[in-house]
Amino acid sequence: MTPKADQGPILRADAARNRARVLQVAREQLAAGDDSLQLNAIARLAGVGVGTVYRHFPNQHALREALSAERFRELVGEAQAAAEAEDALAGLHRLLRFTLACALEDAGFAAVLESAADAEAHTSQLKAELDRATAGLLDRARLTGVIRRDVEADDVRRLLCGIEHAVRVGDSDPARTEIYLDVLLEGLRPPR
């Protein structure tokens with residue numbers, strides 16, 4: 001098996017089908033409101049052995065990473081577009097709103113975004129791409145004097161995860177979401 005640069009080893013056809021089937025069943029479980037992602041139950045529903053599931057996804061976090069990969073690629077693309085926006089501050093606002101909306105829409109994605117450790121190298125690569133694009137955006141915003149000098153890309157990601165958590169434990173009122181985001185945006189401004 002020859003590894004691809006961004007996807008890990010190339011799978012045999014039957015292994016790829018099994019992996020795809022496990023992911024399909026996991027998505028169906030999530031769509032049905034079951035976010036427990038019990039690997040043994042997913043194996044049974046997918047019609048594959050438990051060992052097959054654990055070989056592809058050694059734990060629930062690894063499965064969540066695989067389920068979140070497409071969303072993460074979308075976020076990286078949004079960060080890259082924001083970094084190239086003419087108005088860096090407007091690009092930053094757009095990126096923060098997009099990221100928060102993604103995290104609030106998908107708790108599994110939020111868990112992957114906030115996790116300090118990644119199960120897959122591919123997830124680490126996506127996080128590094130996200131951080132690079134965000135760092136470039138923050139550098140441009142700093143050059144124009146519209147954000148603090150002491151905030152880094154990782155800080156912004158952590159702060160957004162904090163807002164996502166605050167919204168989830170609260171009543172999920174969209175007005176509160178906007179208030180929390182406005183507080184973050186105001187806090188990114190340089191001291192006066």
# chains A, B, ... in the order shown; residues from 1 in each chain; ligands from 1
call {"tool": "residues_around", "arguments": {"residues": "stretch 24-37 of chain A", "least_positions_apart": "4", "cutoff": "10 Å", "atoms": "only C-alpha atoms", "output": "NGL selection string"}}
result
:A and (18-20 or 41-47 or 59-61 or 63-64 or 67 or 106-108)
call {"tool": "atom_distance", "arguments": {"atom1": "atom CA of A:Leu188", "atom2": "atom CA of A:Ile147"}}
result
5.2 Å
call {"tool": "closest_residue", "arguments": {"among": "A:His56, A:Arg12, A:Arg148, A:Arg71", "to": "A:Ala101", "atoms": "only C-alpha atoms"}}
result
A:Arg71
call {"tool": "select_by_dssp", "arguments": {"residues": "stretch 75-171 of chain A", "states": "helix (DSSP H, G or I)", "output": "JSON, numbers by chain"}}
result
{"A": [75, 76, 77, 78, 79, 80, 81, 82, 83, 84, 88, 89, 90, 91, 92, 93, 94, 95, 96, 97, 98, 99, 100, 101, 102, 103, 104, 105, 107, 108, 109, 110, 111, 112, 113, 114, 121, 122, 123, 124, 125, 126, 127, 128, 129, 130, 131, 132, 133, 134, 135, 136, 137, 138, 139, 140, 141, 142, 143, 153, 154, 155, 156, 157, 158, 159, 160, 161, 162, 163, 164, 165, 166, 167, 168, 169]}
call {"tool": "select_by_dssp", "arguments": {"residues": "stretch 2-188 of chain A", "states": "strand (DSSP E or B)", "output": "ChimeraX atom specification"}}
result
/A:3-4,8-9
call {"tool": "closest_residue", "arguments": {"among": "A:Glu152, A:Glu129, A:Glu186, A:Glu65", "to": "A:Leu113", "atoms": "only C-alpha atoms"}}
result
A:Glu65
call {"tool": "closest_residue", "arguments": {"among": "A:Ala135, A:Ala13, A:Ala116, A:Ile163", "to": "A:Ala82", "atoms": "only C-alpha atoms"}}
result
A:Ala135
call {"tool": "residues_around", "arguments": {"residues": "A:Leu104", "least_positions_apart": "4", "cutoff": "10 Å", "atoms": "only C-alpha atoms", "output": "ChimeraX atom specification"}}
result
/A:98-100,108-110,161,163-165,167-168,172,177
call {"tool": "closest_residue", "arguments": {"among": "A:Asn40, A:Thr123, A:Gln80, A:Ser68", "to": "A:Leu92", "atoms": "only C-alpha atoms"}}
result
A:Gln80
call {"tool": "residues_around", "arguments": {"residues": "A:Lys127", "least_positions_apart": "6", "cutoff": "12 Å", "atoms": "only C-alpha atoms", "output": "list in words"}}
result
Glu65, Ser68, Ala69, Arg71, Phe72, Arg73, Glu74, Leu75, Val76, Gly77, Ala79, Val112, Leu113, Glu114, Ser115, Ala116, Ala117, Asp118, Glu120, Ala121, Ala133, Thr134, Ala135, Ala153, Asp154 and Arg157 of chain A
call {"tool": "atom_distance", "arguments": {"atom1": "atom CA of A:Ala66", "atom2": "atom CA of A:Ala81"}}
result
23.7 Å
